[in-house]
$ cat data09.pdb   # PDB, C-alpha atoms, pLDDT in the B column
MODEL        1
ATOM      1  CA  MET A   1       0.000   0.000   0.000  1.00 66.00           C
ATOM      2  CA  ALA A   2       2.818   2.414   0.848  1.00 73.00           C
ATOM      3  CA  HIS A   3       4.482   1.864  -2.532  1.00 77.00           C
ATOM      4  CA  TYR A   4       1.149   2.323  -4.302  1.00 83.00           C
ATOM      5  CA  LEU A   5       0.527   5.649  -2.558  1.00 90.00           C
ATOM      6  CA  PHE A   6       4.099   6.747  -3.285  1.00 93.00           C
ATOM      7  CA  ARG A   7       3.756   6.000  -7.002  1.00 91.00           C
ATOM      8  CA  LEU A   8       0.368   7.720  -7.122  1.00 92.00           C
ATOM      9  CA  ILE A   9       1.760  10.886  -5.534  1.00 94.00           C
ATOM     10  CA  SER A  10       4.810  10.735  -7.801  1.00 96.00           C
ATOM     11  CA  PHE A  11       2.603  10.421 -10.871  1.00 95.00           C
ATOM     12  CA  LEU A  12       0.407  13.346  -9.829  1.00 95.00           C
ATOM     13  CA  SER A  13       3.522  15.473  -9.374  1.00 96.00           C
ATOM     14  CA  TYR A  14       4.811  14.384 -12.777  1.00 96.00           C
ATOM     15  CA  TRP A  15       1.443  15.033 -14.439  1.00 96.00           C
ATOM     16  CA  LEU A  16       1.309  18.572 -13.076  1.00 96.00           C
ATOM     17  CA  GLU A  17       4.833  19.417 -14.226  1.00 97.00           C
ATOM     18  CA  ALA A  18       5.169  17.559 -17.541  1.00 97.00           C
ATOM     19  CA  VAL A  19       5.293  19.674 -20.706  1.00 97.00           C
ATOM     20  CA  ASP A  20       5.032  19.110 -24.445  1.00 96.00           C
ATOM     21  CA  GLU A  21       6.842  20.740 -27.367  1.00 96.00           C
ATOM     22  CA  HIS A  22       5.021  24.043 -26.904  1.00 95.00           C
ATOM     23  CA  SER A  23       6.865  24.709 -23.642  1.00 96.00           C
ATOM     24  CA  LEU A  24      10.316  23.541 -24.729  1.00 96.00           C
ATOM     25  CA  HIS A  25      12.742  26.348 -25.530  1.00 93.00           C
ATOM     26  CA  SER A  26      15.845  24.184 -25.863  1.00 96.00           C
ATOM     27  CA  PRO A  27      16.418  23.114 -29.508  1.00 96.00           C
ATOM     28  CA  PHE A  28      17.956  19.858 -28.271  1.00 97.00           C
ATOM     29  CA  PHE A  29      15.005  18.845 -26.107  1.00 97.00           C
ATOM     30  CA  TYR A  30      12.474  20.107 -28.669  1.00 97.00           C
ATOM     31  CA  ASP A  31      14.068  17.816 -31.246  1.00 97.00           C
ATOM     32  CA  LEU A  32      14.268  14.953 -28.725  1.00 97.00           C
ATOM     33  CA  TYR A  33      10.587  15.261 -27.932  1.00 97.00           C
ATOM     34  CA  THR A  34       9.130  15.855 -31.391  1.00 97.00           C
ATOM     35  CA  ARG A  35      11.287  13.330 -33.269  1.00 95.00           C
ATOM     36  CA  HIS A  36      11.988  10.571 -30.760  1.00 95.00           C
ATOM     37  CA  ILE A  37       9.449  10.612 -27.905  1.00 96.00           C
ATOM     38  CA  LYS A  38       6.127  11.923 -29.189  1.00 94.00           C
ATOM     39  CA  PRO A  39       5.758   9.980 -32.492  1.00 91.00           C
ATOM     40  CA  VAL A  40       4.020   6.610 -32.406  1.00 81.00           C
ATOM     41  CA  ALA A  41       5.498   3.538 -34.047  1.00 72.00           C
ATOM     42  CA  SER A  42       4.604   2.699 -37.616  1.00 73.00           C
ATOM     43  CA  PRO A  43       2.232  -0.297 -37.806  1.00 62.00           C
ATOM     44  CA  GLY A  44       4.176  -3.457 -38.441  1.00 81.00           C
ATOM     45  CA  GLN A  45       7.587  -1.851 -38.008  1.00 84.00           C
ATOM     46  CA  PHE A  46       8.473  -4.281 -35.220  1.00 94.00           C
ATOM     47  CA  ALA A  47       5.811  -6.892 -35.880  1.00 94.00           C
ATOM     48  CA  THR A  48       8.152  -9.834 -35.322  1.00 95.00           C
ATOM     49  CA  ILE A  49       9.274  -8.582 -31.915  1.00 96.00           C
ATOM     50  CA  GLU A  50       5.740  -7.697 -30.868  1.00 96.00           C
ATOM     51  CA  GLY A  51       4.637 -11.160 -31.915  1.00 96.00           C
ATOM     52  CA  LEU A  52       7.199 -12.595 -29.510  1.00 97.00           C
ATOM     53  CA  ARG A  53       5.906 -10.277 -26.775  1.00 97.00           C
ATOM     54  CA  ALA A  54       2.373 -11.526 -27.384  1.00 97.00           C
ATOM     55  CA  LYS A  55       3.603 -15.113 -27.145  1.00 97.00           C
ATOM     56  CA  LEU A  56       5.200 -14.404 -23.758  1.00 98.00           C
ATOM     57  CA  LEU A  57       1.995 -12.779 -22.522  1.00 97.00           C
ATOM     58  CA  ARG A  58       0.127 -15.984 -23.381  1.00 97.00           C
ATOM     59  CA  ASP A  59       2.651 -18.335 -21.793  1.00 96.00           C
ATOM     60  CA  HIS A  60       1.289 -19.555 -18.450  1.00 95.00           C
ATOM     61  CA  HIS A  61       4.170 -21.898 -17.652  1.00 95.00           C
ATOM     62  CA  THR A  62       5.980 -21.121 -14.389  1.00 95.00           C
ATOM     63  CA  ILE A  63       9.646 -20.476 -13.638  1.00 94.00           C
ATOM     64  CA  THR A  64      11.571 -20.013 -10.412  1.00 91.00           C
ATOM     65  CA  VAL A  65      12.953 -16.502 -10.176  1.00 88.00           C
ATOM     66  CA  HIS A  66      15.644 -15.435  -7.731  1.00 72.00           C
ATOM     67  CA  ASP A  67      17.653 -12.286  -8.374  1.00 54.00           C
ATOM     68  CA  LEU A  68      18.833  -9.181  -6.550  1.00 54.00           C
ATOM     69  CA  GLY A  69      16.306  -6.681  -7.892  1.00 52.00           C
ATOM     70  CA  ALA A  70      13.663  -4.987  -5.794  1.00 48.00           C
ATOM     71  CA  LYS A  71      10.963  -6.472  -8.033  1.00 48.00           C
ATOM     72  CA  ALA A  72      12.039 -10.013  -7.113  1.00 46.00           C
ATOM     73  CA  LYS A  73      13.724  -9.913  -3.725  1.00 51.00           C
ATOM     74  CA  HIS A  74      13.049 -13.543  -2.910  1.00 58.00           C
ATOM     75  CA  LYS A  75      13.005 -16.830  -4.754  1.00 73.00           C
ATOM     76  CA  ALA A  76       9.516 -17.275  -6.158  1.00 86.00           C
ATOM     77  CA  VAL A  77       7.605 -19.413  -8.624  1.00 91.00           C
ATOM     78  CA  ARG A  78       5.953 -17.094 -11.118  1.00 92.00           C
ATOM     79  CA  LYS A  79       4.062 -17.370 -14.375  1.00 95.00           C
ATOM     80  CA  ILE A  80       5.929 -16.223 -17.477  1.00 96.00           C
ATOM     81  CA  SER A  81       2.821 -14.332 -18.574  1.00 97.00           C
ATOM     82  CA  ARG A  82       2.691 -12.461 -15.268  1.00 95.00           C
ATOM     83  CA  ILE A  83       6.355 -11.481 -15.437  1.00 95.00           C
ATOM     84  CA  ALA A  84       5.891 -10.321 -19.021  1.00 96.00           C
ATOM     85  CA  ALA A  85       2.830  -8.261 -18.103  1.00 95.00           C
ATOM     86  CA  THR A  86       4.504  -6.484 -15.188  1.00 92.00           C
ATOM     87  CA  SER A  87       8.179  -6.287 -16.173  1.00 92.00           C
ATOM     88  CA  LEU A  88       8.380  -5.682 -19.918  1.00 95.00           C
ATOM     89  CA  SER A  89       8.460  -2.102 -21.143  1.00 95.00           C
ATOM     90  CA  ALA A  90       5.341  -1.109 -23.061  1.00 94.00           C
ATOM     91  CA  PRO A  91       5.788  -1.031 -26.858  1.00 94.00           C
ATOM     92  CA  ARG A  92       5.700   2.775 -26.788  1.00 94.00           C
ATOM     93  CA  TYR A  93       8.735   2.885 -24.514  1.00 96.00           C
ATOM     94  CA  SER A  94      10.598   0.151 -26.369  1.00 96.00           C
ATOM     95  CA  MET A  95      10.210   2.302 -29.468  1.00 96.00           C
ATOM     96  CA  ILE A  96      11.452   5.398 -27.619  1.00 96.00           C
ATOM     97  CA  PHE A  97      14.585   3.549 -26.493  1.00 97.00           C
ATOM     98  CA  TYR A  98      15.193   2.407 -30.068  1.00 97.00           C
ATOM     99  CA  ARG A  99      14.803   5.945 -31.437  1.00 96.00           C
ATOM    100  CA  ILE A 100      17.072   7.543 -28.842  1.00 97.00           C
ATOM    101  CA  ALA A 101      19.800   4.956 -29.351  1.00 98.00           C
ATOM    102  CA  THR A 102      19.476   5.465 -33.096  1.00 97.00           C
ATOM    103  CA  ALA A 103      19.770   9.237 -32.664  1.00 95.00           C
ATOM    104  CA  CYS A 104      23.005   8.650 -30.713  1.00 95.00           C
ATOM    105  CA  ASN A 105      24.348   6.634 -33.648  1.00 96.00           C
ATOM    106  CA  ALA A 106      24.848   3.943 -31.041  1.00 98.00           C
ATOM    107  CA  THR A 107      27.026   0.999 -31.960  1.00 98.00           C
ATOM    108  CA  TYR A 108      28.061  -0.269 -28.526  1.00 98.00           C
ATOM    109  CA  ILE A 109      24.938  -0.778 -26.432  1.00 98.00           C
ATOM    110  CA  VAL A 110      24.687  -2.112 -22.870  1.00 98.00           C
ATOM    111  CA  GLU A 111      21.486  -3.324 -21.235  1.00 98.00           C
ATOM    112  CA  LEU A 112      21.360  -4.088 -17.517  1.00 98.00           C
ATOM    113  CA  GLY A 113      18.372  -6.339 -16.877  1.00 96.00           C
ATOM    114  CA  THR A 114      17.541  -8.391 -19.955  1.00 96.00           C
ATOM    115  CA  SER A 115      14.146  -9.571 -18.720  1.00 94.00           C
ATOM    116  CA  PHE A 116      12.724 -11.652 -21.588  1.00 97.00           C
ATOM    117  CA  GLY A 117      14.713  -9.891 -24.309  1.00 97.00           C
ATOM    118  CA  ILE A 118      12.100  -7.630 -25.898  1.00 98.00           C
ATOM    119  CA  ASN A 119      13.930  -4.325 -25.389  1.00 98.00           C
ATOM    120  CA  THR A 120      17.113  -6.190 -26.281  1.00 98.00           C
ATOM    121  CA  LEU A 121      15.680  -7.013 -29.700  1.00 98.00           C
ATOM    122  CA  TYR A 122      14.543  -3.435 -30.278  1.00 97.00           C
ATOM    123  CA  LEU A 123      18.054  -2.177 -29.564  1.00 98.00           C
ATOM    124  CA  ALA A 124      19.609  -4.919 -31.677  1.00 98.00           C
ATOM    125  CA  ALA A 125      17.492  -3.727 -34.628  1.00 96.00           C
ATOM    126  CA  ILE A 126      19.723  -0.660 -34.894  1.00 96.00           C
ATOM    127  CA  GLU A 127      22.029  -0.996 -37.869  1.00 93.00           C
ATOM    128  CA  LYS A 128      25.577  -2.070 -36.957  1.00 94.00           C
ATOM    129  CA  SER A 129      24.737  -2.227 -33.250  1.00 97.00           C
ATOM    130  CA  VAL A 130      26.402  -4.634 -30.838  1.00 98.00           C
ATOM    131  CA  VAL A 131      24.210  -5.253 -27.789  1.00 98.00           C
ATOM    132  CA  THR A 132      25.587  -6.722 -24.569  1.00 98.00           C
ATOM    133  CA  THR A 133      22.804  -7.504 -22.135  1.00 98.00           C
ATOM    134  CA  PHE A 134      23.138  -8.600 -18.503  1.00 98.00           C
ATOM    135  CA  GLU A 135      20.644 -10.719 -16.580  1.00 97.00           C
ATOM    136  CA  ALA A 136      21.078 -11.964 -13.001  1.00 94.00           C
ATOM    137  CA  ALA A 137      18.245 -14.535 -12.982  1.00 94.00           C
ATOM    138  CA  PRO A 138      19.197 -17.700 -14.931  1.00 95.00           C
ATOM    139  CA  ALA A 139      15.609 -18.822 -15.539  1.00 95.00           C
ATOM    140  CA  VAL A 140      14.708 -15.430 -16.981  1.00 96.00           C
ATOM    141  CA  ALA A 141      17.898 -15.398 -19.057  1.00 96.00           C
ATOM    142  CA  ASP A 142      17.014 -18.797 -20.546  1.00 96.00           C
ATOM    143  CA  ILE A 143      13.716 -17.434 -21.835  1.00 97.00           C
ATOM    144  CA  ALA A 144      15.446 -14.306 -23.148  1.00 97.00           C
ATOM    145  CA  ALA A 145      17.940 -16.484 -25.018  1.00 97.00           C
ATOM    146  CA  ALA A 146      15.081 -18.420 -26.608  1.00 97.00           C
ATOM    147  CA  THR A 147      13.336 -15.153 -27.541  1.00 97.00           C
ATOM    148  CA  VAL A 148      16.484 -13.795 -29.173  1.00 97.00           C
ATOM    149  CA  GLU A 149      17.016 -17.053 -31.039  1.00 96.00           C
ATOM    150  CA  SER A 150      13.436 -16.976 -32.325  1.00 95.00           C
ATOM    151  CA  ALA A 151      14.031 -13.487 -33.733  1.00 95.00           C
ATOM    152  CA  GLY A 152      17.223 -14.583 -35.465  1.00 94.00           C
ATOM    153  CA  SER A 153      19.347 -11.750 -34.042  1.00 94.00           C
ATOM    154  CA  ASN A 154      23.081 -12.393 -34.148  1.00 94.00           C
ATOM    155  CA  ASN A 155      24.415  -9.159 -32.660  1.00 97.00           C
ATOM    156  CA  ILE A 156      23.421  -9.828 -29.032  1.00 98.00           C
ATOM    157  CA  GLN A 157      25.659 -11.128 -26.263  1.00 98.00           C
ATOM    158  CA  LEU A 158      23.768 -12.339 -23.172  1.00 98.00           C
ATOM    159  CA  VAL A 159      25.775 -12.296 -19.934  1.00 98.00           C
ATOM    160  CA  ILE A 160      24.247 -14.270 -17.057  1.00 97.00           C
ATOM    161  CA  GLY A 161      25.183 -13.750 -13.402  1.00 95.00           C
ATOM    162  CA  ASP A 162      25.578 -11.171 -10.661  1.00 95.00           C
ATOM    163  CA  ILE A 163      25.899  -7.814 -12.418  1.00 97.00           C
ATOM    164  CA  ASP A 164      28.144  -6.543  -9.625  1.00 96.00           C
ATOM    165  CA  LYS A 165      30.705  -9.037 -10.945  1.00 97.00           C
ATOM    166  CA  THR A 166      29.927  -9.345 -14.640  1.00 97.00           C
ATOM    167  CA  LEU A 167      29.598  -5.637 -15.491  1.00 98.00           C
ATOM    168  CA  PRO A 168      33.044  -4.492 -14.212  1.00 98.00           C
ATOM    169  CA  GLU A 169      34.669  -7.415 -16.023  1.00 97.00           C
ATOM    170  CA  PHE A 170      32.944  -6.451 -19.252  1.00 98.00           C
ATOM    171  CA  LEU A 171      33.675  -2.728 -18.962  1.00 98.00           C
ATOM    172  CA  SER A 172      37.374  -3.376 -18.360  1.00 97.00           C
ATOM    173  CA  ASP A 173      37.586  -4.739 -21.921  1.00 95.00           C
ATOM    174  CA  VAL A 174      35.555  -2.181 -23.894  1.00 96.00           C
ATOM    175  CA  ARG A 175      36.518   1.242 -25.195  1.00 95.00           C
ATOM    176  CA  ARG A 176      33.159   2.988 -25.035  1.00 97.00           C
ATOM    177  CA  VAL A 177      29.431   2.746 -24.345  1.00 98.00           C
ATOM    178  CA  ASP A 178      27.214   4.726 -26.729  1.00 98.00           C
ATOM    179  CA  PHE A 179      23.874   3.860 -25.155  1.00 98.00           C
ATOM    180  CA  ALA A 180      22.915   2.082 -21.940  1.00 98.00           C
ATOM    181  CA  PHE A 181      19.585   0.937 -20.549  1.00 98.00           C
ATOM    182  CA  VAL A 182      19.579   0.364 -16.779  1.00 98.00           C
ATOM    183  CA  ASP A 183      16.743  -1.832 -15.488  1.00 96.00           C
ATOM    184  CA  ALA A 184      18.399  -4.211 -13.035  1.00 92.00           C
ATOM    185  CA  ASN A 185      18.652  -3.996  -9.241  1.00 92.00           C
ATOM    186  CA  HIS A 186      15.977  -1.530  -8.120  1.00 93.00           C
ATOM    187  CA  HIS A 187      17.777  -0.200  -5.057  1.00 95.00           C
ATOM    188  CA  TYR A 188      19.576   3.096  -4.522  1.00 97.00           C
ATOM    189  CA  GLU A 189      23.173   1.946  -4.069  1.00 97.00           C
ATOM    190  CA  PRO A 190      23.441  -0.567  -6.945  1.00 97.00           C
ATOM    191  CA  THR A 191      21.626   1.758  -9.351  1.00 98.00           C
ATOM    192  CA  VAL A 192      24.033   4.606  -8.613  1.00 98.00           C
ATOM    193  CA  ARG A 193      26.987   2.211  -8.680  1.00 98.00           C
ATOM    194  CA  TYR A 194      26.075   0.801 -12.095  1.00 98.00           C
ATOM    195  CA  PHE A 195      25.686   4.320 -13.449  1.00 98.00           C
ATOM    196  CA  GLU A 196      29.105   5.362 -12.158  1.00 98.00           C
ATOM    197  CA  TRP A 197      30.715   2.288 -13.714  1.00 98.00           C
ATOM    198  CA  LEU A 198      29.056   2.983 -17.060  1.00 98.00           C
ATOM    199  CA  LEU A 199      30.007   6.643 -16.862  1.00 98.00           C
ATOM    200  CA  LYS A 200      33.687   5.719 -17.199  1.00 97.00           C
ATOM    201  CA  LYS A 201      32.975   4.484 -20.736  1.00 98.00           C
ATOM    202  CA  THR A 202      30.427   7.051 -21.940  1.00 98.00           C
ATOM    203  CA  HIS A 203      31.240  10.102 -24.052  1.00 98.00           C
ATOM    204  CA  GLU A 204      29.607  13.418 -24.949  1.00 97.00           C
ATOM    205  CA  LYS A 205      27.200  11.860 -27.435  1.00 97.00           C
ATOM    206  CA  SER A 206      26.187   8.907 -25.253  1.00 98.00           C
ATOM    207  CA  ALA A 207      22.801   8.489 -23.599  1.00 98.00           C
ATOM    208  CA  VAL A 208      21.859   6.450 -20.545  1.00 98.00           C
ATOM    209  CA  VAL A 209      18.261   5.473 -19.778  1.00 98.00           C
ATOM    210  CA  VAL A 210      17.341   4.567 -16.196  1.00 98.00           C
ATOM    211  CA  ASP A 211      14.057   2.675 -15.925  1.00 97.00           C
ATOM    212  CA  ASP A 212      11.497   2.813 -13.098  1.00 96.00           C
ATOM    213  CA  ILE A 213      12.811   6.083 -11.679  1.00 97.00           C
ATOM    214  CA  HIS A 214       9.614   6.639  -9.664  1.00 96.00           C
ATOM    215  CA  TYR A 215       9.073   2.997  -8.713  1.00 94.00           C
ATOM    216  CA  SER A 216       9.994   3.578  -5.046  1.00 95.00           C
ATOM    217  CA  PRO A 217      11.516   6.255  -2.797  1.00 95.00           C
ATOM    218  CA  GLU A 218      14.899   4.525  -3.245  1.00 96.00           C
ATOM    219  CA  MET A 219      14.712   4.655  -7.037  1.00 97.00           C
ATOM    220  CA  GLU A 220      13.527   8.248  -7.051  1.00 97.00           C
ATOM    221  CA  ARG A 221      16.449   9.181  -4.796  1.00 98.00           C
ATOM    222  CA  ALA A 222      18.817   7.292  -7.082  1.00 98.00           C
ATOM    223  CA  TRP A 223      17.449   9.196 -10.082  1.00 98.00           C
ATOM    224  CA  LEU A 224      17.932  12.556  -8.357  1.00 98.00           C
ATOM    225  CA  THR A 225      21.490  11.627  -7.362  1.00 98.00           C
ATOM    226  CA  ILE A 226      22.374  10.526 -10.890  1.00 98.00           C
ATOM    227  CA  ARG A 227      20.613  13.448 -12.556  1.00 97.00           C
ATOM    228  CA  ASN A 228      22.659  15.880 -10.453  1.00 97.00           C
ATOM    229  CA  HIS A 229      26.008  14.225 -11.206  1.00 98.00           C
ATOM    230  CA  ARG A 230      28.604  16.754 -12.330  1.00 97.00           C
ATOM    231  CA  LEU A 231      29.059  14.993 -15.703  1.00 98.00           C
ATOM    232  CA  VAL A 232      25.338  14.892 -16.527  1.00 98.00           C
ATOM    233  CA  TYR A 233      24.519  18.001 -18.540  1.00 98.00           C
ATOM    234  CA  GLY A 234      20.961  17.195 -19.597  1.00 98.00           C
ATOM    235  CA  SER A 235      18.163  14.935 -18.407  1.00 98.00           C
ATOM    236  CA  ALA A 236      14.575  14.141 -19.278  1.00 98.00           C
ATOM    237  CA  ASP A 237      11.968  12.632 -16.934  1.00 98.00           C
ATOM    238  CA  LEU A 238       9.330  10.520 -18.725  1.00 98.00           C
ATOM    239  CA  PHE A 239       7.959   9.185 -15.411  1.00 97.00           C
ATOM    240  CA  ARG A 240       8.486   5.539 -16.370  1.00 96.00           C
ATOM    241  CA  CYS A 241      12.140   6.272 -17.098  1.00 98.00           C
ATOM    242  CA  GLY A 242      14.753   8.995 -17.124  1.00 98.00           C
ATOM    243  CA  ILE A 243      17.190   9.832 -19.915  1.00 98.00           C
ATOM    244  CA  LEU A 244      20.653  11.246 -19.257  1.00 98.00           C
ATOM    245  CA  PHE A 245      22.915  13.183 -21.627  1.00 98.00           C
ATOM    246  CA  PHE A 246      26.558  14.173 -21.298  1.00 98.00           C
ATOM    247  CA  ASP A 247      27.101  16.979 -23.810  1.00 98.00           C
ATOM    248  CA  PRO A 248      28.424  20.061 -21.943  1.00 97.00           C
ATOM    249  CA  SER A 249      26.663  22.345 -24.428  1.00 96.00           C
ATOM    250  CA  LEU A 250      23.353  21.399 -22.779  1.00 97.00           C
ATOM    251  CA  ASN A 251      24.442  23.419 -19.751  1.00 94.00           C
ATOM    252  CA  LYS A 252      22.654  21.474 -17.000  1.00 96.00           C
ATOM    253  CA  GLN A 253      19.117  21.382 -18.380  1.00 96.00           C
ATOM    254  CA  HIS A 254      16.399  19.146 -16.913  1.00 97.00           C
ATOM    255  CA  VAL A 255      12.955  18.664 -18.444  1.00 98.00           C
ATOM    256  CA  ILE A 256       9.834  16.686 -17.526  1.00 98.00           C
ATOM    257  CA  LEU A 257       8.153  15.479 -20.710  1.00 98.00           C
ATOM    258  CA  GLN A 258       4.636  14.262 -21.472  1.00 96.00           C
ATOM    259  CA  VAL A 259       4.455  10.745 -22.885  1.00 93.00           C
TER     260      VAL A 259
ENDMDL
END
$ encode --input "data09.pdb" --output "structure tokens"
Amino acid sequence: MAHYLFRLISFLSYWLEAVDEHSLHSPFFYDLYTRHIKPVASPGQFATIEGLRAKLLRDHHTITVHDLGAKAKHKAVRKISRIAATSLSAPRYSMIFYRIATACNATYIVELGTSFGINTLYLAAIEKSVVTTFEAAPAVADIAAATVESAGSNNIQLVIGDIDKTLPEFLSDVRRVDFAFVDANHHYEPTVRYFEWLLKKTHEKSAVVVDDIHYSPEMERAWLTIRNHRLVYGSADLFRCGILFFDPSLNKQHVILQV
């Protein structure tokens, strides 16, 4: 009940403050909103991926889930359909992530929290992209691997295990991260820690998306901490997620955008 009331209050605050293109004076954020956030997806553009989403939503088999995220603190037997319904990003947001990564000309993409691989496939649809996705829960990762295989994508590397161990090992061997999607451990300290690790490999044209920024008081605090980092020069709050930019020319701008 407490979390429900928190999210309700957070949404009301967001709803009162969110703006559309008519209130955006920054050319960068006007372009971001009108070209990458506001438009709806073309019918059939991602029909194959959405077909796989629909299949997951109809799958009532159960799996045992045990990872470190706030959404699954304890080992539990859960229906695949239920996980898909509550954990997968809505198609609108999957499309937004795809557009933003495309606008960044992203080649090297990192996803923390694979879930069942739907956002992974959207990001892998970007031409010449290489997607490395991390999932802590083996049972969830197995389904993601099957989803990716069904789509025929060959530019995705799935890393299974504790992200506190697998992410630093990965980052030690890569030169840069162009786009990152953070949807893993929904607690303050790991969320901030993952961001700081990724930050060492980002550059001025990178973007980092943090999901579920108003999911709980901890996640909202993590978002505020990250948003105010000295190397973050622009940020956008879409309620479901937050987007971070690192170009100094943005001069510390923060916007709350209608979705």
$ resolve_selection --input "data09.pdb" --expression "the PyMOL selection byres ((chain A and resi 83) around 12)" --output "PyMOL selection string"
chain A and resi 53+56-65+71-72+76-82+84-89+115-116+139-140+143
$ atom_distance --input "data09.pdb" --atom1 "atom CA of Gln45 of chain A" --atom2 "atom CA of Glu135 of chain A"
26.6 Å
$ residues_around --input "data09.pdb" --residues "Ser26 of chain A" --least-positions-apart "6" --cutoff "12 Å" --atoms "all atoms listed in the file" --output "list of chain:residue names"
A:Leu32, A:Tyr33, A:Gly234, A:Ser249, A:Leu250, A:Asn251, A:Lys252, A:Gln253, A:His254, A:Val255
$ atom_distance --input "data09.pdb" --atom1 "atom CA of Arg176 of chain A" --atom2 "atom CA of Ala222 of chain A"
23.4 Å
$ resolve_selection --input "data09.pdb" --expression "the PyMOL selection byres ((chain A and resi 113) around 6)" --output "MDAnalysis selection string"
chainID A and resid 112 114:115 134:135 183:184
$ closest_residue --input "data09.pdb" --among "A:Val159, A:Met219, A:Ile126, A:Leu238" --to "Asp142 of chain A" --atoms "all atoms listed in the file"
A:Val159
$ axis_aligned_box --input "data09.pdb" --around "segment 103-109 of chain A" --padding-each-side "6 Å" --output "JSON"
{"center_x": 23.9, "center_y": 4.2, "center_z": -30.0, "size_x": 20.3, "size_y": 22.0, "size_z": 19.2}
$ atom_distance --input "data09.pdb" --atom1 "atom CA of Glu149 of chain A" --atom2 "atom CA of Asn185 of chain A"
25.5 Å
$ resolve_selection --input "data09.pdb" --expression "the PyMOL selection byres ((chain A and resi 205) around 7)" --output "PyMOL selection string"
chain A and resi 104+203-204+206-207+246-247
$ residues_around --input "data09.pdb" --residues "Lys38 of chain A" --least-positions-apart "3" --cutoff "10 Å" --atoms "only C-alpha atoms" --output "PDB file with C-alpha atoms, in the frame of the given file"
ATOM      1  CA  ASP A  20       5.032  19.110 -24.445  1.00 96.00           C
ATOM      2  CA  GLU A  21       6.842  20.740 -27.367  1.00 96.00           C
ATOM      3  CA  LEU A  32      14.268  14.953 -28.725  1.00 97.00           C
ATOM      4  CA  TYR A  33      10.587  15.261 -27.932  1.00 97.00           C
ATOM      5  CA  THR A  34       9.130  15.855 -31.391  1.00 97.00           C
ATOM      6  CA  ARG A  35      11.287  13.330 -33.269  1.00 95.00           C
ATOM      7  CA  ALA A  41       5.498   3.538 -34.047  1.00 72.00           C
ATOM      8  CA  ARG A  92       5.700   2.775 -26.788  1.00 94.00           C
ATOM      9  CA  ILE A  96      11.452   5.398 -27.619  1.00 96.00           C
ATOM     10  CA  LEU A 257       8.153  15.479 -20.710  1.00 98.00           C
ATOM     11  CA  GLN A 258       4.636  14.262 -21.472  1.00 96.00           C
ATOM     12  CA  VAL A 259       4.455  10.745 -22.885  1.00 93.00           C
TER      13      VAL A 259
END
